[in-house]
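J.: Input structure: entry_14.txt, which contains compact mmCIF, C-alpha atoms.
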```
# COMPACT_ATOMS: atom_id res chain seq x y z
CA MET A 1 -82.26 -95.47 -28.39
CA THR A 2 -79.93 -93.06 -26.61
CA SER A 3 -80.21 -89.28 -26.98
CA LEU A 4 -77.03 -89.35 -29.06
CA ASP A 5 -78.50 -91.98 -31.37
CA GLN A 6 -81.66 -89.89 -31.71
CA ALA A 7 -79.56 -86.82 -32.51
CA ARG A 8 -77.67 -88.61 -35.25
CA GLU A 9 -80.90 -89.99 -36.70
CA LEU A 10 -82.40 -86.50 -36.82
CA LEU A 11 -79.29 -85.07 -38.47
CA SER A 12 -79.58 -87.64 -41.24
CA GLU A 13 -82.82 -85.90 -42.23
CA PHE A 14 -82.27 -82.34 -41.03
CA PRO A 15 -78.51 -81.73 -41.11
CA VAL A 16 -76.77 -78.74 -39.59
CA VAL A 17 -76.54 -75.46 -41.45
CA ASP A 18 -73.52 -73.85 -39.79
CA GLY A 19 -73.36 -70.08 -40.14
CA HIS A 20 -69.63 -69.51 -39.85
CA ASN A 21 -66.46 -71.51 -40.45
CA ASP A 22 -63.03 -69.94 -40.99
CA LEU A 23 -61.40 -72.83 -42.87
CA PRO A 24 -60.43 -70.61 -45.86
CA TRP A 25 -58.44 -68.25 -43.62
CA ALA A 26 -56.80 -71.20 -41.83
CA LEU A 27 -55.76 -72.58 -45.22
CA ARG A 28 -54.31 -69.20 -46.16
CA GLU A 29 -52.38 -68.89 -42.90
CA GLN A 30 -51.14 -72.48 -42.72
CA VAL A 31 -50.36 -73.44 -46.31
CA HIS A 32 -51.11 -70.35 -48.44
CA TYR A 33 -53.97 -72.16 -50.17
CA ASP A 34 -51.98 -75.28 -51.05
CA LEU A 35 -55.01 -77.52 -50.74
CA ALA A 36 -52.98 -80.68 -51.32
CA ALA A 37 -50.92 -79.85 -48.22
CA ARG A 38 -54.11 -79.74 -46.13
CA ASP A 39 -56.26 -82.21 -48.01
CA ILE A 40 -59.63 -82.05 -46.27
CA ALA A 41 -60.64 -85.36 -47.84
CA VAL A 42 -58.70 -86.94 -44.96
CA ARG A 43 -58.77 -86.09 -41.27
CA GLN A 44 -56.64 -83.08 -40.34
CA ASP A 45 -57.01 -83.32 -36.56
CA ALA A 46 -53.50 -81.98 -35.91
CA HIS A 47 -54.07 -78.81 -37.93
CA LEU A 48 -57.74 -77.99 -38.39
CA HIS A 49 -61.17 -78.27 -36.79
CA THR A 50 -62.67 -79.02 -40.21
CA ASP A 51 -62.37 -81.75 -42.81
CA LEU A 52 -64.83 -83.77 -44.85
CA PRO A 53 -64.81 -86.93 -42.69
CA ARG A 54 -65.60 -84.92 -39.55
CA LEU A 55 -68.21 -82.78 -41.32
CA ARG A 56 -69.96 -86.03 -42.23
CA GLU A 57 -69.57 -87.37 -38.70
CA GLY A 58 -71.06 -84.15 -37.34
CA GLY A 59 -74.10 -84.23 -39.60
CA VAL A 60 -73.33 -80.99 -41.44
CA GLY A 61 -75.47 -80.44 -44.53
CA ALA A 62 -74.68 -76.81 -45.33
CA GLN A 63 -71.78 -74.56 -44.43
CA TYR A 64 -71.31 -70.82 -44.77
CA TRP A 65 -67.58 -70.59 -45.41
CA SER A 66 -66.25 -67.29 -44.11
CA VAL A 67 -64.26 -65.32 -46.68
CA TYR A 68 -62.79 -63.21 -43.89
CA VAL A 69 -59.72 -61.02 -44.27
CA ARG A 70 -57.96 -58.93 -41.63
CA SER A 71 -59.18 -55.37 -41.26
CA ASP A 72 -55.63 -54.00 -41.10
CA LEU A 73 -54.71 -55.17 -44.60
CA PRO A 74 -53.87 -52.14 -46.78
CA ASP A 75 -56.07 -53.43 -49.62
CA PRO A 76 -58.64 -55.96 -48.42
CA VAL A 77 -60.48 -56.47 -51.70
CA PRO A 78 -57.87 -58.67 -53.47
CA ALA A 79 -57.46 -60.74 -50.30
CA THR A 80 -61.24 -61.24 -50.14
CA LEU A 81 -61.22 -62.39 -53.76
CA GLU A 82 -58.48 -64.89 -52.89
CA GLN A 83 -60.66 -66.23 -50.08
CA ILE A 84 -63.58 -66.64 -52.49
CA ASP A 85 -61.25 -68.40 -54.90
CA CYS A 86 -60.19 -70.77 -52.10
CA VAL A 87 -63.81 -71.80 -51.50
CA ARG A 88 -64.34 -72.35 -55.22
CA GLN A 89 -61.20 -74.48 -55.37
CA LEU A 90 -62.44 -76.57 -52.43
CA ILE A 91 -65.76 -77.17 -54.17
CA ASP A 92 -64.07 -78.05 -57.47
CA ARG A 93 -61.63 -80.37 -55.69
CA HIS A 94 -64.38 -82.26 -53.84
CA PRO A 95 -67.43 -82.34 -56.14
CA ARG A 96 -68.85 -85.52 -54.65
CA GLU A 97 -68.96 -84.01 -51.17
CA LEU A 98 -69.50 -80.28 -51.73
CA ARG A 99 -71.99 -78.40 -53.86
CA ALA A 100 -71.90 -74.66 -54.51
CA ALA A 101 -75.08 -73.05 -53.20
CA LEU A 102 -76.43 -69.58 -53.94
CA THR A 103 -80.08 -70.00 -52.95
CA ALA A 104 -82.34 -71.78 -50.50
CA ALA A 105 -83.36 -74.07 -53.37
CA ASP A 106 -79.68 -74.95 -53.90
CA MET A 107 -79.42 -75.88 -50.23
CA GLU A 108 -82.39 -78.21 -50.51
CA ALA A 109 -81.00 -79.74 -53.69
CA ALA A 110 -77.68 -80.43 -51.97
CA ARG A 111 -79.53 -82.10 -49.10
CA THR A 112 -81.41 -84.32 -51.56
CA GLU A 113 -78.12 -85.25 -53.25
CA GLY A 114 -76.37 -85.96 -49.97
CA ARG A 115 -73.78 -83.23 -50.58
CA ILE A 116 -72.78 -80.36 -48.30
CA ALA A 117 -74.18 -77.06 -49.57
CA SER A 118 -71.31 -74.58 -49.66
CA LEU A 119 -72.20 -70.92 -49.25
CA MET A 120 -70.02 -67.90 -48.52
CA GLY A 121 -70.19 -65.03 -46.05
CA ALA A 122 -67.84 -62.03 -46.01
CA GLU A 123 -66.83 -61.13 -42.46
CA GLY A 124 -66.42 -57.38 -42.14
CA GLY A 125 -67.54 -54.36 -44.11
CA HIS A 126 -63.90 -53.37 -44.65
CA SER A 127 -63.98 -55.90 -47.52
CA LEU A 128 -66.16 -53.42 -49.45
CA ALA A 129 -63.61 -50.58 -49.38
CA ASN A 130 -66.64 -48.25 -49.01
CA SER A 131 -67.95 -49.22 -52.45
CA LEU A 132 -71.44 -50.45 -53.29
CA GLY A 133 -70.01 -51.64 -56.59
CA VAL A 134 -67.68 -53.95 -54.70
CA LEU A 135 -70.68 -55.17 -52.67
CA ARG A 136 -72.46 -56.12 -55.88
CA GLY A 137 -69.29 -57.76 -57.17
CA LEU A 138 -69.05 -59.95 -54.07
CA TYR A 139 -72.70 -60.94 -54.48
CA ALA A 140 -72.08 -61.82 -58.13
CA LEU A 141 -69.20 -64.06 -57.01
CA GLY A 142 -71.50 -65.94 -54.63
CA VAL A 143 -71.23 -64.16 -51.27
CA ARG A 144 -74.60 -64.46 -49.55
CA TYR A 145 -74.04 -62.57 -46.31
CA LEU A 146 -71.93 -59.66 -45.16
CA THR A 147 -71.00 -59.20 -41.51
CA LEU A 148 -71.16 -55.42 -41.28
CA THR A 149 -68.02 -55.14 -39.13
CA HIS A 150 -65.37 -57.37 -37.69
CA ASN A 151 -63.47 -56.42 -34.52
CA ASP A 152 -62.83 -52.84 -35.68
CA ASN A 153 -65.21 -50.10 -36.74
CA VAL A 154 -65.63 -49.39 -40.41
CA ASP A 155 -66.24 -45.86 -41.67
CA TRP A 156 -69.99 -46.43 -41.69
CA ALA A 157 -70.70 -48.84 -38.80
CA ASP A 158 -69.62 -49.40 -35.21
CA SER A 159 -68.14 -52.69 -34.04
CA ALA A 160 -68.92 -54.32 -30.70
CA THR A 161 -65.23 -54.35 -29.77
CA ASP A 162 -64.10 -50.86 -30.79
CA GLU A 163 -64.72 -47.37 -29.43
CA PRO A 164 -68.07 -46.01 -30.74
CA ARG A 165 -67.67 -43.56 -33.56
CA ALA A 166 -70.71 -43.62 -35.85
CA GLY A 167 -73.28 -44.22 -33.12
CA GLY A 168 -74.52 -47.29 -35.02
CA LEU A 169 -74.94 -46.95 -38.79
CA THR A 170 -74.21 -43.79 -40.73
CA ALA A 171 -76.35 -42.72 -43.70
CA PHE A 172 -74.01 -44.67 -45.98
CA GLY A 173 -74.24 -47.66 -43.67
CA ARG A 174 -78.01 -47.64 -43.99
CA GLU A 175 -77.60 -47.48 -47.77
CA VAL A 176 -75.35 -50.56 -47.59
CA VAL A 177 -78.14 -52.41 -45.77
CA ARG A 178 -80.74 -51.29 -48.31
CA GLU A 179 -78.55 -52.40 -51.22
CA MET A 180 -78.00 -55.76 -49.52
CA ASN A 181 -81.77 -56.14 -49.25
CA ARG A 182 -82.11 -55.35 -52.97
CA LEU A 183 -79.46 -57.91 -53.86
CA GLY A 184 -80.74 -60.66 -51.57
CA MET A 185 -77.58 -60.66 -49.44
CA LEU A 186 -78.20 -61.39 -45.76
CA VAL A 187 -77.30 -58.65 -43.27
CA ASP A 188 -75.12 -60.31 -40.62
CA LEU A 189 -75.04 -58.56 -37.24
CA SER A 190 -72.44 -60.67 -35.45
CA HIS A 191 -69.49 -58.51 -34.33
CA VAL A 192 -71.43 -55.24 -34.48
CA ALA A 193 -72.30 -52.89 -31.63
CA PRO A 194 -75.83 -53.04 -30.22
CA THR A 195 -76.46 -49.58 -31.70
CA THR A 196 -75.56 -50.97 -35.11
CA MET A 197 -77.81 -53.99 -34.53
CA ARG A 198 -80.75 -51.72 -33.75
CA ASP A 199 -80.09 -49.38 -36.68
CA ALA A 200 -79.84 -52.34 -39.05
CA LEU A 201 -83.11 -53.78 -37.77
CA ASP A 202 -84.73 -50.37 -38.23
CA THR A 203 -83.43 -50.20 -41.82
CA SER A 204 -83.65 -53.74 -43.19
CA THR A 205 -86.81 -54.92 -44.91
CA ALA A 206 -85.41 -58.47 -45.05
CA PRO A 207 -84.62 -60.84 -42.19
CA VAL A 208 -81.17 -60.43 -40.64
CA ILE A 209 -78.87 -63.06 -39.20
CA PHE A 210 -76.27 -63.33 -36.47
CA SER A 211 -73.91 -65.84 -38.06
CA HIS A 212 -72.02 -66.65 -34.84
CA SER A 213 -73.21 -64.91 -31.66
CA SER A 214 -74.67 -65.99 -28.33
CA ALA A 215 -76.77 -64.41 -25.56
CA ARG A 216 -75.46 -61.44 -23.62
CA ALA A 217 -77.82 -62.13 -20.71
CA VAL A 218 -76.09 -65.50 -20.20
CA CYS A 219 -72.53 -64.28 -20.78
CA GLU A 220 -71.66 -60.59 -20.57
CA HIS A 221 -69.43 -60.17 -23.60
CA PRO A 222 -69.83 -57.38 -26.19
CA ARG A 223 -69.87 -59.95 -29.01
CA ASN A 224 -73.16 -61.35 -27.73
CA ILE A 225 -76.74 -60.26 -28.44
CA PRO A 226 -78.73 -58.19 -25.90
CA ASP A 227 -82.21 -59.43 -25.05
CA ASP A 228 -83.93 -56.37 -26.52
CA VAL A 229 -82.40 -57.24 -29.89
CA LEU A 230 -83.32 -60.92 -29.59
CA GLU A 231 -86.88 -59.81 -28.84
CA ARG A 232 -87.03 -58.08 -32.24
CA LEU A 233 -86.18 -61.16 -34.29
CA PRO A 234 -89.74 -62.54 -34.53
CA ALA A 235 -91.01 -59.35 -36.16
CA ASN A 236 -87.99 -59.20 -38.44
CA GLY A 237 -87.96 -62.92 -39.24
CA GLY A 238 -84.25 -63.22 -38.58
CA VAL A 239 -82.09 -65.96 -37.08
CA ALA A 240 -79.48 -65.86 -34.29
CA MET A 241 -76.90 -68.62 -34.73
CA VAL A 242 -75.32 -69.58 -31.41
CA THR A 243 -71.52 -69.75 -31.34
CA PHE A 244 -69.24 -72.09 -29.42
CA VAL A 245 -66.23 -69.83 -28.65
CA PRO A 246 -65.55 -70.32 -24.92
CA LYS A 247 -64.69 -66.68 -24.21
CA PHE A 248 -68.06 -65.67 -25.69
CA VAL A 249 -70.22 -68.28 -23.96
CA LEU A 250 -68.68 -68.87 -20.52
CA GLN A 251 -68.53 -65.94 -18.09
CA ALA A 252 -65.57 -67.47 -16.25
CA ALA A 253 -63.68 -67.58 -19.55
CA VAL A 254 -64.53 -63.92 -20.24
CA ASP A 255 -63.19 -62.94 -16.83
CA TRP A 256 -60.11 -65.17 -17.21
CA THR A 257 -59.30 -63.65 -20.62
CA ALA A 258 -59.55 -60.12 -19.20
CA ALA A 259 -57.20 -61.07 -16.36
CA ALA A 260 -54.73 -62.71 -18.75
CA ASP A 261 -54.75 -59.60 -20.98
CA ASP A 262 -54.18 -57.37 -17.94
CA ASN A 263 -51.26 -59.56 -16.95
CA LEU A 264 -49.63 -59.14 -20.34
CA ARG A 265 -50.08 -55.38 -20.23
CA ALA A 266 -48.63 -55.28 -16.71
CA HIS A 267 -45.50 -56.93 -18.11
CA GLY A 268 -45.23 -54.37 -20.91
CA PHE A 269 -46.83 -56.38 -23.73
CA HIS A 270 -49.87 -55.69 -25.89
CA HIS A 271 -52.63 -58.16 -25.10
CA LEU A 272 -52.47 -59.51 -28.68
CA ASP A 273 -48.67 -59.88 -28.69
CA GLY A 274 -47.75 -63.33 -29.98
CA THR A 275 -43.98 -63.12 -29.58
CA ALA A 276 -42.08 -65.80 -27.67
CA GLU A 277 -41.45 -63.40 -24.80
CA ALA A 278 -45.12 -62.49 -24.46
CA MET A 279 -46.18 -66.13 -24.73
CA LYS A 280 -43.78 -67.07 -21.93
CA VAL A 281 -45.49 -64.53 -19.66
CA HIS A 282 -48.91 -65.77 -20.73
CA GLN A 283 -48.04 -69.43 -20.18
CA ALA A 284 -46.79 -68.66 -16.68
CA PHE A 285 -50.12 -66.96 -15.96
CA GLU A 286 -52.04 -69.96 -17.30
CA GLU A 287 -50.03 -72.33 -15.12
CA ARG A 288 -51.00 -70.30 -12.05
CA HIS A 289 -54.60 -69.81 -13.22
CA PRO A 290 -55.87 -72.70 -15.37
CA ARG A 291 -58.09 -71.69 -18.27
CA PRO A 292 -61.84 -72.26 -17.57
CA VAL A 293 -63.41 -74.90 -19.80
CA ALA A 294 -66.76 -74.48 -21.54
CA THR A 295 -68.89 -77.55 -22.25
CA VAL A 296 -71.80 -78.62 -24.43
CA ALA A 297 -74.06 -77.64 -21.54
CA THR A 298 -72.63 -74.10 -21.62
CA VAL A 299 -73.76 -73.68 -25.23
CA ALA A 300 -77.12 -75.30 -24.49
CA ASP A 301 -77.69 -72.73 -21.73
CA HIS A 302 -77.47 -70.00 -24.36
CA LEU A 303 -79.88 -71.78 -26.67
CA ASP A 304 -82.37 -72.30 -23.84
CA HIS A 305 -82.30 -68.57 -23.09
CA MET A 306 -82.43 -67.51 -26.73
CA ARG A 307 -85.41 -69.80 -27.35
CA GLU A 308 -87.22 -68.23 -24.39
CA VAL A 309 -86.59 -64.69 -25.65
CA ALA A 310 -86.72 -64.99 -29.45
CA GLY A 311 -88.53 -68.29 -30.01
CA VAL A 312 -87.34 -71.51 -31.60
CA ASP A 313 -88.15 -70.24 -35.10
CA HIS A 314 -85.29 -67.74 -34.84
CA LEU A 315 -82.34 -69.88 -33.76
CA GLY A 316 -79.47 -71.54 -35.58
CA ILE A 317 -75.87 -72.67 -35.13
CA GLY A 318 -72.61 -70.92 -36.04
CA GLY A 319 -69.69 -72.71 -34.44
CA ASP A 320 -66.79 -70.46 -35.61
CA TYR A 321 -64.58 -73.50 -36.16
CA ASP A 322 -61.05 -72.77 -37.37
CA GLY A 323 -61.61 -69.19 -36.22
CA THR A 324 -60.93 -69.88 -32.53
CA ALA A 325 -58.01 -71.46 -30.71
CA PHE A 326 -60.22 -73.08 -28.05
CA THR A 327 -63.46 -75.03 -28.20
CA PRO A 328 -65.83 -76.48 -25.57
CA GLU A 329 -65.59 -80.02 -24.27
CA GLY A 330 -67.78 -82.16 -26.50
CA LEU A 331 -67.57 -79.63 -29.33
CA ALA A 332 -63.88 -79.92 -30.12
CA ASP A 333 -64.41 -79.86 -33.89
CA VAL A 334 -67.09 -80.14 -36.56
CA SER A 335 -67.87 -83.72 -35.57
CA GLY A 336 -69.42 -82.55 -32.29
CA TYR A 337 -72.84 -81.24 -33.32
CA PRO A 338 -74.65 -84.48 -32.34
CA ASN A 339 -73.46 -83.96 -28.76
CA LEU A 340 -75.19 -80.58 -28.64
CA LEU A 341 -78.43 -82.00 -30.03
CA ALA A 342 -78.30 -84.87 -27.52
CA GLU A 343 -77.96 -82.33 -24.69
CA LEU A 344 -80.96 -80.40 -25.99
CA LEU A 345 -83.02 -83.58 -26.31
CA ASP A 346 -82.22 -84.34 -22.69
CA ARG A 347 -83.50 -80.84 -21.83
CA GLY A 348 -86.84 -81.48 -23.50
CA TRP A 349 -86.31 -80.00 -26.95
CA SER A 350 -88.54 -81.79 -29.45
CA ARG A 351 -87.59 -83.24 -32.79
CA ALA A 352 -89.51 -80.40 -34.47
CA ASP A 353 -87.55 -77.84 -32.41
CA LEU A 354 -84.23 -79.36 -33.43
CA ALA A 355 -85.16 -79.57 -37.11
CA LYS A 356 -85.75 -75.82 -37.04
CA LEU A 357 -82.48 -75.20 -35.19
CA THR A 358 -80.32 -77.28 -37.50
CA TRP A 359 -81.83 -76.82 -40.97
CA GLN A 360 -85.19 -75.21 -41.44
CA ASN A 361 -84.64 -71.75 -39.94
CA ALA A 362 -81.43 -71.06 -41.85
CA VAL A 363 -82.92 -72.20 -45.16
CA ARG A 364 -86.07 -70.15 -44.55
CA VAL A 365 -84.17 -66.95 -43.80
CA LEU A 366 -82.15 -67.10 -47.02
CA GLY A 367 -85.33 -67.81 -48.99
CA ALA A 368 -87.04 -64.84 -47.34
CA ALA A 369 -84.15 -62.56 -48.32
CA GLU A 370 -84.55 -63.79 -51.89
CA ASP A 371 -88.27 -62.95 -51.81
CA VAL A 372 -87.55 -59.40 -50.62
CA SER A 373 -84.90 -59.03 -53.32
CA ARG A 374 -87.26 -60.04 -56.10
CA ALA A 375 -89.77 -57.41 -55.04
CA LEU A 376 -87.15 -54.67 -54.62
CA ARG A 377 -85.47 -55.34 -57.96
CA GLU A 378 -88.78 -54.60 -59.69
CA THR A 379 -88.91 -51.10 -58.20
CA SER A 380 -85.33 -50.14 -57.29
CA ALA A 381 -82.22 -49.61 -59.40
CA PRO A 382 -78.74 -50.39 -58.06
CA SER A 383 -77.49 -47.67 -55.73
CA ASN A 384 -74.39 -45.78 -56.79
CA ALA A 385 -74.31 -43.64 -53.66
CA THR A 386 -70.90 -42.83 -52.21
CA ILE A 387 -69.81 -42.44 -48.63
CA GLU A 388 -68.59 -38.93 -49.44
CA ALA A 389 -72.03 -37.89 -50.71
CA LEU A 390 -74.00 -39.43 -47.84
CA ASP A 391 -71.66 -38.97 -44.87
CA GLY A 392 -69.70 -35.94 -45.96
```
Let me see the file written as structure tokens.
T.:
Amino acid sequence: MTSLDQARELLSEFPVVDGHNDLPWALREQVHYDLAARDIAVRQDAHLHTDLPRLREGGVGAQYWSVYVRSDLPDPVPATLEQIDCVRQLIDRHPRELRAALTAADMEAARTEGRIASLMGAEGGHSLANSLGVLRGLYALGVRYLTLTHNDNVDWADSATDEPRAGGLTAFGREVVREMNRLGMLVDLSHVAPTTMRDALDTSTAPVIFSHSSARAVCEHPRNIPDDVLERLPANGGVAMVTFVPKFVLQAAVDWTAAADDNLRAHGFHHLDGTAEAMKVHQAFEERHPRPVATVATVADHLDHMREVAGVDHLGIGGDYDGTAFTPEGLADVSGYPNLLAELLDRGWSRADLAKLTWQNAVRVLGAAEDVSRALRETSAPSNATIEALDG
């Protein structure tokens, strides 16, 4: 039996729990939630990384759907509710394939039924509008993790890709973490600054996650996790879910992206400018300097390092499909997970190691957050603290 055959056999028993997929935002951007126009019951290779046939081919058994909204929206709360509604519509539209999941027990039930457990994670604390009441509302609607920031700072937490302002978490930010612990909502530290990671670990009494982040020691990008933070995961019980985004996992791609951004700025464009004129300049740069290509082995290098530092009990997978324009060779879409497992088998990872990576660690961490919540709800009332009262 080949390594790929072994990988597929393992996934039939211990399917992938993927920590982050941006399909709902892609559906908003492409068809404004017209789910018939992007029917994921059939392959959508030309438009999306994700559809039901390829999820099955990839051995996915549970998916955290990101209910991300842009941080520059004037009122992010209604847009976040629309994202949640999109996930609910997907589940209602495909009941034989998808099952709504709120708990670790729901995930296991979906696995038994042969359906894909569908969970939700809100990507960015801006979706709270600085309100703990909104946080509780999102939990009541099924959101089971909150990424504390996205690419920009929020008023109470620093992002990895913005200028430091809070120095990590403010007093209100720590109260957000405590209220998440009380609710049973996972604290997601992808996208946040290392200072925020450390403050959250100091504050949280429940395991944390990184829904889609890789190792900074392997690839020097601010979105990745420093080793000193990875070293704290065993004591915390948390899980770091490796991502596939080439510019986060391949140093040559990081350097290439910086050079391409500098080139745009040198021609008078913002590095995020998507106009035809800016794209013409960018395309000319790419013709002169071909984009570096990440591979399955690139991602496996991160997992090897993260296992060495944090241990195999604290690893998972968060591909970031439909949230990135580029993917590694062998991991082009959600059908590619068996290729990653085959690479790890060839590197000496055991079946028990891979079962933890794909399924067991992610289920355990949600169950542990539920245990902490049950204890806290017996002794703690909901917090009605305000950012004005705590941060002045």
J.: Please identify all polymer residues within 9 Å of Glu13 (chain A), counting only C-alpha atoms, omitting same-chain residues fewer than 4 positions from it, and present them as a list in words.
T.: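 Residues meeting the cut-off are Glu9, Arg111 and Ala355 of chain A.
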J.: A:Asp391, A:Asp301, A:Asp75, A:Glu123: which is nearest Gly19 (chain A), counting all atoms listed in the file?
T.: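 Smallest separation from Gly19 (chain A) among the options: A:Glu123.
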J.: Leaving out region 161-177 of chain A and any residue of its chain fewer than 5 positions from it, which residues lie within 7 Å of it when counting all atoms listed in the file, given as a ChimeraX atom specification?
T.: /A:132,151-153,156,187,193,195-196,199-200,203-204,222,387,390-391
J.: Select from region 195-260 of chain A every residue with an atom at most 10 Å from any atom of region 268-271 of chain A, then for each give the shortest pair of atoms and their distance in Å to one decimal, using all atoms listed in the file, rows by chain and rising number, as JSON lines.
T.:
```
{"residue": "A:Thr257", "atom": "CA", "partner": "A:His271", "partner_atom": "CA", "distance": 9.7}
{"residue": "A:Ala258", "atom": "CA", "partner": "A:His271", "partner_atom": "CA", "distance": 9.3}
{"residue": "A:Ala260", "atom": "CA", "partner": "A:His271", "partner_atom": "CA", "distance": 8.1}
```
J.: Neighbours of Gly61 (chain A) within 8 Å (only C-alpha atoms; same-chain residues fewer than 4 positions away dropped), as a short mmCIF file (atom, residue, chain, number, x, y, z; two decimals) with C-alpha atoms, keeping the file's coordinate frame?
T.:
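What landed in around.cif:
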```
data_model
loop_
_atom_site.label_atom_id
_atom_site.label_comp_id
_atom_site.auth_asym_id
_atom_site.auth_seq_id
_atom_site.Cartn_x
_atom_site.Cartn_y
_atom_site.Cartn_z
CA PHE A 14 -82.27 -82.34 -41.03
CA PRO A 15 -78.51 -81.73 -41.11
CA VAL A 16 -76.77 -78.74 -39.59
CA VAL A 17 -76.54 -75.46 -41.45
CA ALA A 110 -77.68 -80.43 -51.97
CA ARG A 111 -79.53 -82.10 -49.10
CA GLY A 114 -76.37 -85.96 -49.97
CA ARG A 115 -73.78 -83.23 -50.58
CA ILE A 116 -72.78 -80.36 -48.30
CA ALA A 117 -74.18 -77.06 -49.57
#
```
J.: Show me the residues close to (-83.2, -54.6, -57.5) - anything with an atom within 10 Å, counting all atoms listed in the file - and format the list as a ChimeraX atom specification.
T.: /A:179-184,372-383
J.: Between CA of Val134 (chain A) and CA of Thr103 (chain A), what distance in Å does the model show, to one decimal?
T.: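 CA of Thr103 (chain A) lies at a distance of 20.4 Å from CA of Val134 (chain A).
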J.: Could you tell me how far CA of Arg28 (chain A) lies from CA of Met107 (chain A), in Å and to one decimal?
T.: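 Distance between the two atoms: 26.3 Å.
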J.: Let me make sure I understand: among A:Val192, A:Ala235, A:Leu366, A:Val77, which one has the smallest atom-to-atom distance to Tyr64 (chain A) if we use all atoms listed in the file?
T.: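 The shortest atom-to-atom distance to Tyr64 (chain A) comes from A:Leu366.
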J.: Would you mind reading off the distance between CA of Asn224 (chain A) and CA of Gly125 (chain A), one decimal, in Å?
T.: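 Here the two named atoms are 18.7 Å from each other.
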J.: Give me region 381-385 of chain A with all heavy atoms filled in, as a tab-separated table (two decimals), keeping the file's coordinate frame.
T.:
```
chain	number	residue	atom	x	y	z
A	381	ALA	N	-83.45	-49.43	-58.63
A	381	ALA	CA	-82.22	-49.61	-59.40
A	381	ALA	C	-81.04	-49.78	-58.44
A	381	ALA	O	-81.12	-49.41	-57.26
A	381	ALA	CB	-81.99	-48.40	-60.30
A	382	PRO	N	-79.93	-50.31	-58.92
A	382	PRO	CA	-78.74	-50.39	-58.06
A	382	PRO	C	-78.33	-49.01	-57.56
A	382	PRO	O	-78.42	-48.01	-58.28
A	382	PRO	CB	-77.67	-50.98	-58.99
A	382	PRO	CG	-78.43	-51.71	-60.04
A	382	PRO	CD	-79.71	-50.93	-60.23
A	383	SER	N	-77.92	-48.94	-56.31
A	383	SER	CA	-77.49	-47.67	-55.73
A	383	SER	C	-76.04	-47.41	-56.07
A	383	SER	O	-75.18	-48.28	-55.90
A	383	SER	CB	-77.66	-47.70	-54.22
A	383	SER	OG	-77.09	-46.54	-53.63
A	384	ASN	N	-75.76	-46.21	-56.54
A	384	ASN	CA	-74.39	-45.78	-56.79
A	384	ASN	C	-73.98	-44.68	-55.82
A	384	ASN	O	-73.07	-43.89	-56.09
A	384	ASN	CB	-74.25	-45.30	-58.24
A	384	ASN	CG	-74.39	-46.46	-59.21
A	384	ASN	OD1	-73.66	-47.45	-59.12
A	384	ASN	ND2	-75.33	-46.36	-60.14
A	385	ALA	N	-74.64	-44.64	-54.67
A	385	ALA	CA	-74.31	-43.64	-53.66
A	385	ALA	C	-72.88	-43.85	-53.17
A	385	ALA	O	-72.36	-44.97	-53.16
A	385	ALA	CB	-75.28	-43.74	-52.50
```
